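**Student:** Before anything else, here's the structure in question.
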Amino acid sequence: MKATKHYSATSNKPGKRVVQIDRRVLDCILHGNSLKLLDRLPENSVDMILTDPPYNISSDFEISFDDRKDISHDFGDWDYGQVQPSDWIGKATRVLTDTGVFISMYDDLNMGRMISSLRQQGLEIREKVYWHKDNPVPQFHGVKWQRAVEEMVVATVNEGEGHHFQANRGQRHNVIKTPICQGRERRNHPTQKPRELFRPIIKWWTTPGDILLDPFTGTGTIPVVAQEHGRHYIGIEQNKKYVKTARKRLSQTSLRQNW
């Protein structure tokens with residue numbers, strides 16, 4: 001497949017650049033290790049990386065209740081330091097186009113590691129975006145405030161204006177306020193984010209037809225929002241259960257198992 005037209009950071013005029021993407025991976029959730037599968041994607045082929053990677057903050061701490069579900073800080077084996085930002089950022093940014101945008105969530109206490117890795121790859125740090133959860137998990141022990149904010153970093157390959165930011169949408173502050181994922185939207189993932197969190201990001205930072213890559217896609221929330229807004233997506237997930245859920249949400253009938 002040919003990628004969409006891109007714009008030069010210096011001339012601000014459209015320029016044609018052909019990038020080949022294997023049709024078997026476009027608009028698909030791939031089952032596998034992202035550190036391996038990222039190496040198989042071609043350079044300069046993806047317009048945006050938007051992801052919610054492992055924060056590496058899991059522990060065996062648990063709060064038990066008699067009248068409600070227990071609260072566990074064990075989110076899964078994948079959140080015990082198996083993957084650090086330095087392990088995957090170089091592999092991921094390699095596939096960005098020369099007007100590409102990188103946006104990722106990460107634990108606010110360790111966001112500096114991600115920013116350092118992005119700078120080592122030569123990306124320009126643009127800003128941070130803040131997710132304000134208006135119904136955060138309560139602090140039951142009364143030793144600190146509730147953690148109601150999570151951070152995202154926005155970086156671009158170029159230093160100019162050539163990336164796909166949609167300035168015609170007008171001004172918008174860098175705080176997105178939504179509830180945590182709940183109700184009918186909730187799937188079988190302990191750290192699933194709500195679709196409403198990613199909608200303004202995709203609308204403001206991409207154009208229809210752009211290709212988005214989520215190398216830690218979980219149950220597919222980011223690809224679902226990309227699909228809703230007419231963007232192509234590539235999702236990578238190593239947990240077979242989450243892959244099945246994501247494919248069902250996206251009505252993906254072909255499993256693309258032979259790629």
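Each chain in the structure tokens gets a letter, A, B, ..., in the order shown, and its residues are numbered from 1; ligands are numbered from 1 in order too.
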Which polymer residues have any atom within 7 Å of an atom of A:Asp47, counting only C-alpha atoms, with same-chain residues fewer than 4 positions away left out, as a list in words?

**Tutor:**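 That gives Leu96, Thr97, Gly100, Val101, Asp210, Ile211 and Leu212 of chain A.
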
**Student:** Emit the selected residues as an mmCIF file, in the first residue's frame, including N, CA, C and O atoms.

**Tutor:**
```cif
data_model
loop_
_atom_site.group_PDB
_atom_site.id
_atom_site.type_symbol
_atom_site.label_atom_id
_atom_site.label_comp_id
_atom_site.auth_asym_id
_atom_site.auth_seq_id
_atom_site.Cartn_x
_atom_site.Cartn_y
_atom_site.Cartn_z
ATOM 1 N N LEU A 96 8.893 5.645 11.844
ATOM 2 C CA LEU A 96 8.167 6.903 11.635
ATOM 3 C C LEU A 96 8.626 7.592 10.343
ATOM 4 O O LEU A 96 9.811 7.571 10.000
ATOM 5 N N THR A 97 7.678 8.230 9.671
ATOM 6 C CA THR A 97 8.029 9.037 8.511
ATOM 7 C C THR A 97 8.786 10.282 8.952
ATOM 8 O O THR A 97 8.877 10.591 10.147
ATOM 9 N N GLY A 100 6.708 12.293 11.087
ATOM 10 C CA GLY A 100 6.006 11.458 12.045
ATOM 11 C C GLY A 100 5.885 12.067 13.430
ATOM 12 O O GLY A 100 6.683 12.921 13.838
ATOM 13 N N VAL A 101 4.883 11.570 14.163
ATOM 14 C CA VAL A 101 4.580 12.036 15.522
ATOM 15 C C VAL A 101 4.604 10.834 16.456
ATOM 16 O O VAL A 101 4.074 9.761 16.133
ATOM 17 N N ASP A 210 -3.988 8.468 7.496
ATOM 18 C CA ASP A 210 -2.699 8.248 8.142
ATOM 19 C C ASP A 210 -2.634 6.851 8.749
ATOM 20 O O ASP A 210 -3.656 6.238 9.058
ATOM 21 N N ILE A 211 -1.415 6.366 8.940
ATOM 22 C CA ILE A 211 -1.196 5.053 9.539
ATOM 23 C C ILE A 211 -0.691 5.231 10.962
ATOM 24 O O ILE A 211 0.328 5.888 11.194
ATOM 25 N N LEU A 212 -1.414 4.642 11.925
ATOM 26 C CA LEU A 212 -1.048 4.685 13.343
ATOM 27 C C LEU A 212 -0.520 3.329 13.776
ATOM 28 O O LEU A 212 -1.074 2.295 13.411
#
```

**Student:** Mind checking which residues fall within 12 Å of A:Gln238, counting only C-alpha atoms, ignoring those fewer than 2 positions away in the same chain, and posting them as a short mmCIF file (atom, residue, chain, number, x, y, z; two decimals) with all heavy atoms, in the first residue's frame?

**Tutor:**
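The file below, result.cif, is the result:
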```cif
data_model
loop_
_atom_site.label_atom_id
_atom_site.label_comp_id
_atom_site.auth_asym_id
_atom_site.auth_seq_id
_atom_site.Cartn_x
_atom_site.Cartn_y
_atom_site.Cartn_z
N ILE A 29 -4.39 -6.48 14.03
CA ILE A 29 -3.77 -6.69 15.33
C ILE A 29 -2.85 -7.90 15.19
O ILE A 29 -3.30 -9.00 14.91
CB ILE A 29 -4.82 -6.95 16.43
CG1 ILE A 29 -5.84 -5.81 16.49
CG2 ILE A 29 -4.14 -7.14 17.79
CD1 ILE A 29 -5.25 -4.46 16.85
N LEU A 30 -1.55 -7.68 15.37
CA LEU A 30 -0.57 -8.74 15.22
C LEU A 30 -0.29 -9.36 16.58
O LEU A 30 -0.10 -8.65 17.57
CB LEU A 30 0.73 -8.18 14.64
CG LEU A 30 0.61 -7.43 13.31
CD1 LEU A 30 1.96 -6.85 12.92
CD2 LEU A 30 0.08 -8.36 12.22
N HIS A 31 -0.23 -10.67 16.62
CA HIS A 31 0.05 -11.38 17.86
C HIS A 31 1.54 -11.70 17.90
O HIS A 31 2.06 -12.44 17.05
CB HIS A 31 -0.75 -12.68 17.93
CG HIS A 31 -0.47 -13.48 19.16
ND1 HIS A 31 -0.49 -14.85 19.18
CD2 HIS A 31 -0.13 -13.09 20.42
CE1 HIS A 31 -0.20 -15.29 20.39
NE2 HIS A 31 0.03 -14.23 21.16
N GLY A 32 2.25 -11.12 18.88
CA GLY A 32 3.67 -11.40 19.00
C GLY A 32 4.37 -10.38 19.87
O GLY A 32 3.76 -9.46 20.41
N ASN A 33 5.67 -10.55 20.00
CA ASN A 33 6.52 -9.67 20.80
C ASN A 33 6.85 -8.43 19.99
O ASN A 33 7.42 -8.51 18.90
CB ASN A 33 7.80 -10.42 21.17
CG ASN A 33 8.67 -9.64 22.13
OD1 ASN A 33 8.87 -8.45 21.98
ND2 ASN A 33 9.20 -10.32 23.14
N SER A 34 6.50 -7.27 20.50
CA SER A 34 6.71 -6.03 19.74
C SER A 34 8.19 -5.77 19.46
O SER A 34 8.54 -5.19 18.43
CB SER A 34 6.10 -4.84 20.48
OG SER A 34 6.73 -4.63 21.72
N LEU A 35 9.07 -6.19 20.34
CA LEU A 35 10.50 -5.97 20.12
C LEU A 35 10.98 -6.71 18.87
O LEU A 35 11.94 -6.28 18.21
CB LEU A 35 11.32 -6.41 21.33
CG LEU A 35 11.03 -5.68 22.64
CD1 LEU A 35 11.98 -6.15 23.74
CD2 LEU A 35 11.13 -4.18 22.47
N LYS A 36 10.33 -7.82 18.55
CA LYS A 36 10.70 -8.58 17.35
C LYS A 36 9.93 -8.10 16.12
O LYS A 36 10.50 -7.96 15.04
CB LYS A 36 10.45 -10.07 17.58
CG LYS A 36 11.31 -10.68 18.68
CD LYS A 36 10.98 -12.15 18.88
CE LYS A 36 11.86 -12.77 19.97
NZ LYS A 36 11.54 -14.21 20.21
N LEU A 37 8.64 -7.85 16.29
CA LEU A 37 7.81 -7.48 15.14
C LEU A 37 8.12 -6.07 14.64
O LEU A 37 8.00 -5.81 13.45
CB LEU A 37 6.34 -7.61 15.50
CG LEU A 37 5.84 -9.04 15.75
CD1 LEU A 37 4.35 -9.03 16.04
CD2 LEU A 37 6.15 -9.95 14.58
N ASP A 77 2.33 -10.12 34.43
CA ASP A 77 3.77 -10.34 34.28
C ASP A 77 4.42 -9.30 33.37
O ASP A 77 5.58 -8.95 33.55
CB ASP A 77 4.02 -11.74 33.70
CG ASP A 77 3.62 -12.85 34.66
OD1 ASP A 77 3.48 -12.57 35.88
OD2 ASP A 77 3.44 -14.00 34.20
N TRP A 78 3.66 -8.79 32.40
CA TRP A 78 4.19 -7.84 31.43
C TRP A 78 4.54 -6.49 32.06
O TRP A 78 5.21 -5.67 31.43
CB TRP A 78 3.17 -7.63 30.30
CG TRP A 78 1.77 -7.35 30.80
CD1 TRP A 78 0.79 -8.26 31.01
CD2 TRP A 78 1.20 -6.09 31.16
NE1 TRP A 78 -0.35 -7.66 31.48
CE2 TRP A 78 -0.13 -6.32 31.58
CE3 TRP A 78 1.69 -4.78 31.17
CZ2 TRP A 78 -0.96 -5.30 32.01
CZ3 TRP A 78 0.85 -3.76 31.59
CH2 TRP A 78 -0.45 -4.03 32.01
N PRO A 215 2.37 -0.32 19.44
CA PRO A 215 3.13 -1.55 19.68
C PRO A 215 2.79 -2.29 20.97
O PRO A 215 3.31 -3.37 21.21
CB PRO A 215 4.58 -1.05 19.70
CG PRO A 215 4.50 0.38 20.08
CD PRO A 215 3.20 0.89 19.55
N PHE A 216 1.93 -1.68 21.82
CA PHE A 216 1.48 -2.34 23.05
C PHE A 216 -0.04 -2.17 23.13
O PHE A 216 -0.55 -1.48 24.01
CB PHE A 216 2.17 -1.73 24.27
CG PHE A 216 3.67 -1.76 24.19
CD1 PHE A 216 4.39 -0.66 23.74
CD2 PHE A 216 4.37 -2.91 24.55
CE1 PHE A 216 5.78 -0.70 23.66
CE2 PHE A 216 5.76 -2.95 24.48
CZ PHE A 216 6.47 -1.84 24.03
N THR A 217 -0.75 -2.81 22.26
CA THR A 217 -2.13 -2.43 21.99
C THR A 217 -3.14 -2.98 22.99
O THR A 217 -4.29 -2.53 23.01
CB THR A 217 -2.51 -2.82 20.55
OG1 THR A 217 -3.62 -2.02 20.12
CG2 THR A 217 -2.88 -4.30 20.46
N GLY A 218 -2.75 -3.97 23.81
CA GLY A 218 -3.70 -4.48 24.79
C GLY A 218 -4.97 -5.00 24.14
O GLY A 218 -4.92 -5.84 23.22
N THR A 219 -6.11 -4.50 24.56
CA THR A 219 -7.39 -4.93 24.00
C THR A 219 -7.85 -4.04 22.84
O THR A 219 -9.02 -4.07 22.46
CB THR A 219 -8.48 -4.98 25.09
OG1 THR A 219 -8.52 -3.73 25.78
CG2 THR A 219 -8.19 -6.09 26.09
N GLY A 235 -1.64 -2.78 15.19
CA GLY A 235 -1.52 -3.04 16.62
C GLY A 235 -0.68 -4.29 16.86
O GLY A 235 -0.76 -5.25 16.10
N ILE A 236 0.14 -4.27 17.90
CA ILE A 236 0.95 -5.42 18.28
C ILE A 236 0.65 -5.76 19.74
O ILE A 236 0.66 -4.88 20.59
CB ILE A 236 2.45 -5.14 18.11
CG1 ILE A 236 2.78 -4.75 16.66
CG2 ILE A 236 3.27 -6.36 18.52
CD1 ILE A 236 4.22 -4.34 16.45
N LYS A 240 -2.32 -13.50 24.08
CA LYS A 240 -3.30 -14.08 23.15
C LYS A 240 -4.73 -13.70 23.52
O LYS A 240 -5.58 -13.48 22.66
CB LYS A 240 -3.13 -15.60 23.12
CG LYS A 240 -3.97 -16.30 22.06
CD LYS A 240 -3.74 -17.81 22.07
CE LYS A 240 -2.32 -18.14 21.67
NZ LYS A 240 -2.12 -19.62 21.54
N LYS A 241 -5.02 -13.65 24.82
CA LYS A 241 -6.37 -13.30 25.26
C LYS A 241 -6.72 -11.87 24.86
O LYS A 241 -7.83 -11.60 24.38
CB LYS A 241 -6.47 -13.46 26.78
CG LYS A 241 -7.81 -13.10 27.37
CD LYS A 241 -7.86 -13.38 28.86
CE LYS A 241 -6.90 -12.47 29.63
NZ LYS A 241 -7.05 -12.64 31.11
N TYR A 242 -5.78 -10.94 25.02
CA TYR A 242 -6.04 -9.55 24.64
C TYR A 242 -6.15 -9.40 23.12
O TYR A 242 -6.96 -8.61 22.62
CB TYR A 242 -4.93 -8.65 25.16
CG TYR A 242 -4.79 -8.62 26.67
CD1 TYR A 242 -3.56 -8.26 27.27
CD2 TYR A 242 -5.84 -8.94 27.51
CE1 TYR A 242 -3.43 -8.24 28.65
CE2 TYR A 242 -5.72 -8.92 28.89
CZ TYR A 242 -4.49 -8.57 29.46
OH TYR A 242 -4.35 -8.55 30.82
N VAL A 243 -5.35 -10.16 22.39
CA VAL A 243 -5.42 -10.13 20.93
C VAL A 243 -6.81 -10.54 20.46
O VAL A 243 -7.41 -9.89 19.59
CB VAL A 243 -4.35 -11.05 20.31
CG1 VAL A 243 -4.59 -11.24 18.81
CG2 VAL A 243 -2.96 -10.47 20.54
N LYS A 244 -7.34 -11.59 21.04
CA LYS A 244 -8.67 -12.06 20.67
C LYS A 244 -9.72 -11.00 20.94
O LYS A 244 -10.62 -10.76 20.10
CB LYS A 244 -9.00 -13.34 21.45
CG LYS A 244 -10.33 -13.97 21.08
CD LYS A 244 -10.56 -15.26 21.85
CE LYS A 244 -11.89 -15.90 21.49
NZ LYS A 244 -12.11 -17.17 22.23
N ALA A 246 -9.22 -7.69 21.14
CA ALA A 246 -9.01 -6.56 20.23
C ALA A 246 -9.56 -6.86 18.84
O ALA A 246 -10.22 -6.01 18.23
CB ALA A 246 -7.53 -6.22 20.16
#
```

**Student:** Using only C-alpha atoms, determine which residues lie at most 9 Å from A:Thr51, disregarding the query and same-chain residues fewer than 4 positions distant; provide the list as a PyMOL selection string.

**Tutor:** chain A and resi 102-105+213-217+222

**Student:** Among stretch 72-240 of chain A, which ones does DSSP place in alpha helix (DSSP H), written as JSON, numbers by chain?

**Tutor:** {"A": [85, 86, 87, 88, 89, 90, 91, 92, 93, 111, 112, 113, 114, 115, 116, 117, 118, 119, 120, 195, 196, 197, 198, 199, 200, 201, 202, 203, 204, 205, 221, 222, 223, 224, 225, 226, 227, 228, 240]}

**Student:** Of the candidates A:Gly122, A:Pro85, A:Gly90, A:Gly183, which shows the shortest atom-to-atom distance to A:Asn158, using only C-alpha atoms?

**Tutor:** A:Gly122

**Student:** Smallest atom-to-atom distance to A:Arg199: which of A:Leu123, A:Val225, A:Val149, A:Ala155, using only C-alpha atoms?

**Tutor:**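 Closest residue, counting only C-alpha atoms: A:Val225.
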
**Student:** For A:Val175, which residue among A:Asp108, A:Asp27, A:Glu237, A:Glu151 is the nearest when counting only C-alpha atoms?

**Tutor:**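 Checking each candidate against A:Val175, we get A:Glu151 as the closest.
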